[in-house]
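start04.cif follows (mmCIF, C-alpha atoms):
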data_input
#
loop_
_atom_site.label_atom_id
_atom_site.label_comp_id
_atom_site.auth_asym_id
_atom_site.auth_seq_id
_atom_site.Cartn_x
_atom_site.Cartn_y
_atom_site.Cartn_z
CA MET A 1 13.70 -8.81 -1.07
CA ASN A 2 17.04 -10.50 -0.88
CA PRO A 3 19.47 -9.14 1.67
CA PRO A 4 22.08 -6.90 -0.01
CA GLY A 5 25.64 -8.06 -0.21
CA GLY A 6 28.78 -6.13 0.63
CA GLY A 7 32.20 -6.65 2.09
CA HIS A 8 31.89 -4.40 5.16
CA PRO A 9 31.71 -6.03 8.58
CA ASP A 10 28.32 -5.99 10.24
CA ILE A 11 29.44 -3.92 13.23
CA THR A 12 32.53 -1.70 13.33
CA ARG A 13 33.69 -2.50 16.83
CA ARG A 14 35.98 -5.07 18.41
CA ARG A 15 34.48 -8.40 17.38
CA GLU A 16 34.05 -11.33 19.74
CA PRO A 17 33.66 -14.88 18.47
CA MET A 18 30.00 -15.66 17.79
CA THR A 19 29.15 -18.89 19.53
CA ARG A 20 25.38 -18.70 19.10
CA THR A 21 23.41 -19.03 15.88
CA GLY A 22 19.92 -18.03 14.83
CA GLN A 23 17.95 -14.83 14.54
CA ALA A 24 18.01 -13.99 18.26
CA ALA A 25 21.80 -13.93 18.29
CA ARG A 26 22.00 -11.81 15.12
CA ASP A 27 19.41 -9.32 16.41
CA ALA A 28 21.18 -8.73 19.73
CA VAL A 29 22.94 -5.41 19.03
CA PRO A 30 25.04 -3.97 21.86
CA PRO A 31 24.02 -0.39 22.70
CA GLU A 32 27.52 0.92 21.91
CA ALA A 33 27.63 -0.71 18.47
CA VAL A 34 28.11 1.28 15.28
CA LEU A 35 26.67 -0.30 12.14
CA THR A 36 27.53 -0.07 8.46
CA PRO A 37 24.85 0.74 5.88
CA ALA A 38 25.02 -2.88 4.68
CA ALA A 39 24.35 -4.17 8.19
CA VAL A 40 21.43 -1.79 8.72
CA ALA A 41 19.96 -2.72 5.33
CA ARG A 42 20.14 -6.43 6.18
CA ARG A 43 18.40 -5.93 9.52
CA LEU A 44 15.63 -3.84 7.95
CA GLY A 45 15.17 -6.03 4.87
CA VAL A 46 15.76 -3.13 2.44
CA ALA A 47 18.43 -2.30 -0.12
CA VAL A 48 21.41 -0.09 0.68
CA ALA A 49 20.24 2.14 -2.18
CA THR A 50 16.94 2.59 -0.31
CA LEU A 51 18.83 3.80 2.78
CA ARG A 52 20.71 6.32 0.65
CA SER A 53 17.46 7.54 -0.87
CA TRP A 54 15.79 7.88 2.56
CA ASP A 55 18.83 9.81 3.81
CA ARG A 56 18.84 12.18 0.83
CA ARG A 57 15.09 12.72 0.54
CA HIS A 58 13.81 12.35 4.11
CA GLY A 59 16.76 13.01 6.42
CA LEU A 60 16.84 9.43 7.69
CA GLY A 61 20.61 9.04 7.61
CA PRO A 62 23.19 8.51 10.35
CA SER A 63 22.86 10.91 13.27
CA SER A 64 26.54 11.85 13.06
CA ARG A 65 29.24 11.77 10.38
CA GLU A 66 32.96 12.30 10.42
CA PRO A 67 34.72 13.85 7.40
CA GLY A 68 36.63 11.34 5.32
CA ARG A 69 35.01 8.30 6.94
CA HIS A 70 32.25 5.93 5.82
CA ARG A 71 28.74 6.50 7.09
CA ARG A 72 28.00 4.64 10.30
CA TYR A 73 24.64 4.18 12.06
CA THR A 74 24.15 4.07 15.80
CA VAL A 75 21.71 1.69 17.46
CA GLY A 76 19.42 4.68 17.98
CA ASP A 77 19.48 5.32 14.23
CA LEU A 78 18.60 1.67 13.64
CA ARG A 79 15.64 1.77 16.03
CA ARG A 80 14.37 4.95 14.33
CA LEU A 81 14.56 3.28 10.91
CA GLU A 82 12.83 0.16 12.25
CA ARG A 83 9.88 2.34 13.23
CA VAL A 84 9.81 3.92 9.76
CA VAL A 85 9.77 0.49 8.12
CA GLN A 86 6.96 -0.63 10.43
CA LEU A 87 4.83 2.37 9.42
CA VAL A 88 5.59 1.92 5.72
CA ARG A 89 4.50 -1.71 5.89
CA GLN A 90 1.22 -0.52 7.41
CA GLY A 91 0.64 1.63 4.33
CA VAL A 92 1.97 5.01 5.49
CA PRO A 93 3.92 6.86 2.74
CA VAL A 94 7.66 7.10 3.45
CA ALA A 95 7.60 10.90 3.71
CA SER A 96 4.80 10.76 6.29
CA ALA A 97 6.49 7.94 8.20
CA ALA A 98 9.77 9.88 8.34
CA ALA A 99 8.03 13.02 9.61
CA THR A 100 6.07 10.97 12.14
CA VAL A 101 9.15 9.27 13.59
CA SER A 102 11.15 12.51 13.66
CA ALA A 103 8.34 14.34 15.47
CA GLY A 104 7.44 11.41 17.72
CA THR A 105 3.75 11.72 16.82
CA ALA A 106 1.09 9.41 15.41
CA PRO A 107 0.90 9.27 11.60
CA ARG A 108 -1.53 11.68 10.01
CA ILE A 109 -2.97 11.59 6.51
CA GLY A 110 -3.00 15.01 4.89
CA PRO A 111 -6.11 16.67 3.42
CA LEU A 112 -7.27 15.73 -0.05
CA GLY A 113 -6.63 17.77 -3.15
CA ARG A 114 -3.07 18.87 -2.34
CA VAL A 115 -1.65 17.55 -5.62
CA PRO A 116 -1.48 20.35 -8.24
CA ASP A 117 -3.36 19.45 -11.41
CA ARG A 118 -0.27 20.05 -13.53
CA VAL A 119 1.69 17.52 -11.48
CA ALA A 120 -1.03 14.89 -11.77
CA SER A 121 -1.40 15.54 -15.50
CA ARG A 122 2.34 15.17 -16.08
CA ARG A 123 2.49 11.89 -14.16
CA ARG A 124 -0.54 10.55 -16.06
CA ARG A 125 1.32 11.19 -19.32
CA SER A 126 4.31 9.28 -17.96
CA LEU A 127 2.03 6.50 -16.80
CA ARG A 128 0.35 6.29 -20.20
CA GLY A 129 3.74 6.14 -21.92
CA ALA A 130 4.96 3.30 -19.69
CA ALA A 131 1.72 1.38 -20.22
CA GLU A 132 1.78 1.76 -24.00
CA LYS A 133 5.39 0.58 -24.08
CA LEU A 134 4.29 -2.44 -22.03
CA ASP A 135 6.96 -1.61 -19.45
CA PRO A 136 5.63 -2.97 -16.12
CA ASP A 137 8.65 -1.89 -14.08
CA ALA A 138 8.43 1.75 -15.18
CA PHE A 139 4.65 1.72 -14.69
CA ARG A 140 4.95 0.33 -11.18
CA ARG A 141 7.68 2.83 -10.21
CA ILE A 142 5.50 5.77 -11.26
CA VAL A 143 2.57 4.56 -9.16
CA VAL A 144 4.77 3.75 -6.15
CA GLY A 145 6.37 7.20 -6.34
CA PHE A 146 2.98 8.93 -6.42
CA LEU A 147 1.74 6.81 -3.50
CA ASP A 148 4.87 7.66 -1.53
CA ARG A 149 4.41 11.39 -2.01
CA HIS A 150 0.64 11.84 -2.00
CA GLY A 151 -1.05 8.84 -0.34
CA THR A 152 -3.71 6.47 -1.64
CA VAL A 153 -6.72 8.77 -2.04
CA ASP A 154 -5.02 11.38 -4.21
CA THR A 155 -3.20 8.66 -6.15
CA TRP A 156 -6.52 7.01 -6.92
CA GLN A 157 -8.55 10.12 -7.67
CA LYS A 158 -5.98 12.31 -9.40
CA LEU A 159 -3.71 9.80 -11.11
CA LEU A 160 -5.35 6.43 -11.58
CA VAL A 161 -9.07 7.07 -12.11
CA PRO A 162 -8.57 9.55 -15.01
CA PHE A 163 -5.96 7.24 -16.53
CA LEU A 164 -8.19 4.16 -16.22
CA GLN A 165 -11.24 5.97 -17.60
CA GLU A 166 -9.34 7.03 -20.69
CA LEU A 167 -7.87 3.55 -21.09
CA GLY A 168 -11.32 1.95 -20.68
CA GLU A 169 -12.73 4.08 -23.47
CA ARG A 170 -9.92 3.00 -25.77
CA CYS A 171 -10.36 -0.66 -24.86
CA ALA A 172 -14.09 -0.45 -25.67
CA GLU A 173 -13.23 0.31 -29.30
CA PRO A 174 -12.66 -2.48 -31.84
CA ASP A 175 -9.14 -3.87 -31.45
CA GLY A 176 -8.65 -1.79 -28.30
CA PRO A 177 -5.39 -2.28 -26.34
CA VAL A 178 -6.68 -4.90 -23.89
CA GLU A 179 -3.11 -5.98 -23.17
CA VAL A 180 -2.38 -2.46 -21.91
CA GLU A 181 -5.39 -2.63 -19.59
CA HIS A 182 -4.18 -5.93 -18.13
CA LEU A 183 -0.66 -4.58 -17.61
CA ALA A 184 -2.04 -1.46 -15.93
CA THR A 185 -4.25 -3.39 -13.52
CA ASP A 186 -1.44 -5.74 -12.55
CA GLY A 187 0.96 -2.80 -12.19
CA ILE A 188 -1.35 -0.89 -9.86
CA ILE A 189 -1.88 -3.92 -7.63
CA ALA A 190 1.88 -4.59 -7.59
CA ALA A 191 2.51 -0.97 -6.56
CA LEU A 192 -0.02 -1.22 -3.73
CA HIS A 193 1.58 -4.45 -2.54
CA ALA A 194 5.02 -2.83 -2.62
CA ILE A 195 3.95 -1.10 0.60
CA PRO A 196 2.10 -3.97 2.33
CA PRO A 197 -0.87 -3.10 4.53
CA GLY A 198 -0.81 -4.07 8.19
CA HIS A 199 -1.68 -7.54 9.43
CA THR A 200 -5.32 -8.56 9.86
CA ALA A 201 -5.13 -9.83 13.44
CA ALA A 202 -7.35 -6.96 14.54
CA ALA A 203 -9.25 -6.71 11.25
CA SER A 204 -12.45 -4.69 11.42
CA VAL A 205 -13.51 -4.59 7.74
CA LEU A 206 -14.27 -7.52 5.44
CA LEU A 207 -13.73 -6.82 1.72
CA ALA A 208 -15.21 -9.12 -0.92
CA CYS A 209 -16.21 -9.12 -4.56
CA ALA A 210 -19.60 -10.38 -5.69
CA PRO A 211 -19.78 -13.94 -7.07
CA GLU A 212 -18.16 -14.05 -10.53
CA GLU A 213 -16.91 -10.46 -10.10
CA GLN A 214 -13.33 -10.37 -11.38
CA HIS A 215 -12.64 -6.63 -10.96
CA SER A 216 -11.01 -6.55 -7.53
CA LEU A 217 -8.84 -3.46 -8.07
CA PRO A 218 -11.20 -0.98 -6.30
CA LEU A 219 -11.13 -3.16 -3.18
CA GLU A 220 -7.34 -3.38 -3.33
CA VAL A 221 -7.22 0.42 -3.33
CA LEU A 222 -9.72 0.63 -0.46
CA ARG A 223 -7.70 -1.88 1.52
CA HIS A 224 -4.55 0.22 1.10
CA ALA A 225 -6.35 3.44 2.04
CA LEU A 226 -7.81 1.81 5.16
CA ALA A 227 -4.34 0.61 6.17
CA GLU A 228 -3.11 4.22 5.99
CA ARG A 229 -5.72 5.00 8.63
CA GLY A 230 -4.87 2.06 10.85
CA ARG A 231 -7.78 -0.19 9.86
CA GLY A 232 -7.11 -3.89 9.40
CA THR A 233 -8.99 -5.83 6.74
CA ILE A 234 -9.90 -9.34 5.69
CA ALA A 235 -9.63 -9.36 1.90
CA LEU A 236 -11.34 -12.28 0.13
CA GLY A 237 -10.54 -11.04 -3.38
CA ALA A 238 -12.41 -11.70 -6.61
CA ARG A 239 -15.29 -14.10 -7.37
CA VAL A 240 -16.31 -14.88 -3.78
CA PRO A 241 -18.96 -17.65 -3.72
CA PRO A 242 -22.08 -16.82 -1.66
CA GLN A 243 -21.45 -19.63 0.80
CA SER A 244 -17.86 -18.47 1.37
CA LEU A 245 -18.97 -14.92 2.08
CA LEU A 246 -21.63 -16.11 4.52
CA ALA A 247 -19.20 -18.48 6.24
CA THR A 248 -16.59 -15.74 6.71
CA VAL A 249 -19.13 -13.30 8.18
CA THR A 250 -20.39 -16.01 10.54
CA ALA A 251 -16.92 -17.07 11.64
CA ARG A 252 -15.20 -13.67 11.94
CA LYS A 253 -18.18 -11.40 12.71
CA PRO A 254 -16.52 -8.33 11.18
CA PRO A 255 -17.96 -4.99 12.33
CA ALA A 256 -18.24 -3.92 8.68
CA THR A 257 -18.46 -5.74 5.34
CA VAL A 258 -18.01 -4.19 1.88
CA VAL A 259 -19.12 -6.08 -1.26
CA TRP A 260 -18.11 -4.78 -4.69
CA ALA A 261 -20.02 -5.37 -7.94
CA HIS A 262 -19.63 -3.61 -11.29
CA SER A 263 -22.89 -4.91 -12.81
CA ALA A 264 -26.43 -5.45 -11.51
CA GLU A 265 -26.33 -9.04 -12.74
CA LEU A 266 -23.45 -9.80 -10.39
CA ALA A 267 -24.81 -7.72 -7.52
CA ARG A 268 -28.01 -9.79 -7.47
CA LEU A 269 -25.93 -12.92 -6.81
CA VAL A 270 -24.86 -11.57 -3.41
CA PRO A 271 -26.89 -12.97 -0.47
CA ALA A 272 -27.20 -9.47 0.99
CA ALA A 273 -30.32 -10.22 3.08
CA GLU A 274 -28.51 -13.11 4.80
CA LEU A 275 -25.45 -11.05 5.81
CA THR A 276 -26.55 -10.34 9.36
CA GLY A 277 -24.39 -9.51 12.35
CA THR A 278 -22.27 -7.05 10.35
CA ARG A 279 -22.80 -3.54 9.00
CA LEU A 280 -23.22 -4.13 5.28
CA TYR A 281 -21.86 -1.68 2.73
CA VAL A 282 -21.98 -2.11 -1.03
CA ALA A 283 -19.76 -0.44 -3.60
CA GLY A 284 -19.60 -0.22 -7.35
CA PRO A 285 -22.02 0.82 -10.13
CA GLY A 286 -23.66 -2.62 -10.16
CA TRP A 287 -25.69 -1.77 -7.06
CA ASP A 288 -27.54 1.13 -8.68
CA GLY A 289 -31.23 0.13 -8.79
CA VAL A 290 -30.70 -3.15 -6.92
CA PRO A 291 -32.92 -3.46 -3.79
CA LEU A 292 -30.83 -3.43 -0.61
CA PRO A 293 -31.59 -4.67 2.91
CA GLU A 294 -32.61 -1.97 5.35
CA GLY A 295 -29.64 -0.12 6.79
CA THR A 296 -27.28 -1.02 3.93
CA ARG A 297 -25.26 1.92 2.60
CA HIS A 298 -24.01 2.33 -0.95
CA LEU A 299 -20.48 3.77 -0.91
CA ARG A 300 -20.09 6.13 -3.87
CA SER A 301 -16.40 7.11 -3.71
CA LEU A 302 -13.15 6.30 -1.94
CA PRO A 303 -13.41 9.29 0.45
CA ASP A 304 -17.04 8.31 1.15
CA ALA A 305 -15.92 4.77 1.99
CA LEU A 306 -13.15 5.98 4.29
CA ASP A 307 -15.48 8.33 6.13
CA ALA A 308 -17.99 5.50 6.67
CA LEU A 309 -15.50 2.82 7.64
CA THR A 310 -13.14 4.83 9.84
CA GLY A 311 -15.62 7.10 11.59
CA PRO A 312 -17.55 6.44 14.80
CA ALA A 313 -19.72 3.31 14.79
#
Exercise: express the given structure as structure tokens:
Amino acid sequence: MNPPGGGHPDITRRREPMTRTGQAARDAVPPEAVLTPAAVARRLGVAVATLRSWDRRHGLGPSSREPGRHRRYTVGDLRRLERVVQLVRQGVPVASAAATVSAGTAPRIGPLGRVPDRVASRRRRSLRGAAEKLDPDAFRRIVVGFLDRHGTVDTWQKLLVPFLQELGERCAEPDGPVEVEHLATDGIIAALHAIPPGHTAAASVLLACAPEEQHSLPLEVLRHALAERGRGTIALGARVPPQSLLATVTARKPPATVVWAHSAELARLVPAAELTGTRLYVAGPGWDGVPLPEGTRHLRSLPDALDALTGPA
């Protein structure tokens, strides 16, 4: 995201000539400094409009205001917002991140099933309308908004799965709207990436599709849900060749590996018996009826996967 423009000075205090250049000099903020919204937005890498929204919806505005004057942020306000941004980039919804930072506690993911059916139904209608109009921006905004308010599990189970099932049935008909299906898949992935998961330096779960498997969306959703719970991942994406999967397991030795397949034909291409040194999990309907190595678990749902992959070893 490009830094926002604006004519306000970066810091509303007596300015001294800047003789140093580079990021370190720009990031050195004196403790007595007072910053404009434009300056805070630049430092956080967000839009000024996002700051206004966070202030209005989540109480993340300046800690003090004076009547008749522009909003100004203290350094303490900036540090608080930096923590919110850090949590959001790890996959925590903005509302949860704001509550976490305000309370000074660790982020918690709420219980499932808190979204009223009428709310989910109304948003599915909006989602269907945006998809049928081939409007990717509107589609992505709806998914991002639902993720922000309700988290990944409820977004997947209450919004996206019913929508995708209905769309899949329509696409199976002659002259079905395949272009709508493609837009929807891309829009969901774009929405997930709008709140990037945490880095994989301490990754504990390897996610891979079976060879020739092109349907990577379920693993993208799982990756995002794991990030909400603090789990790093190594995501290899679609159509992972057997030798690449084996090489990654050998090199990284992930504690857990999940392989997705939507058909038995593709599942049988996975060298499951050779994936030693990692707890192997399989996911997707393609594994039904396919013989599995001893100790391998078939994950049947997103909550099932999260319980298995985030619980005790």
Determine the axis-aligned bounding box of all atoms of range 266-284 of chain A present in the file, pad each side by 6 Å, and express its centre and edge lengths in Å to one decimal place as AutoDock Vina command-line options.
--center_x -25.0 --center_y -6.7 --center_z 1.0 --size_x 22.7 --size_y 24.9 --size_z 34.7
I want to know what sits within 7 Å of range 158-166 of chain A, based on all atoms listed in the file, with residues of the same chain fewer than 4 positions away left out; could you give that as a VMD selection string? chain A and resid 120 124 154 170
Between CA of Leu226 in chain A and CA of Gly187 in chain A, distance in Å (one decimal):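 Computed distance, CA of Leu226 in chain A to CA of Gly187 in chain A, equals 20.0 Å.
Comparing the minimum interatomic distances between Pro93 in chain A and each of A:Arg229, A:Arg223, A:Arg128, A:Arg72, counting only C-alpha atoms, we find that A:Arg229 sits nearest.
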What does the distance between CA of Ala97 in chain A and CA of Leu147 in chain A come to in Å, to one decimal place?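 Calculated distance between CA of Ala97 in chain A and CA of Leu147 in chain A is 12.7 Å.
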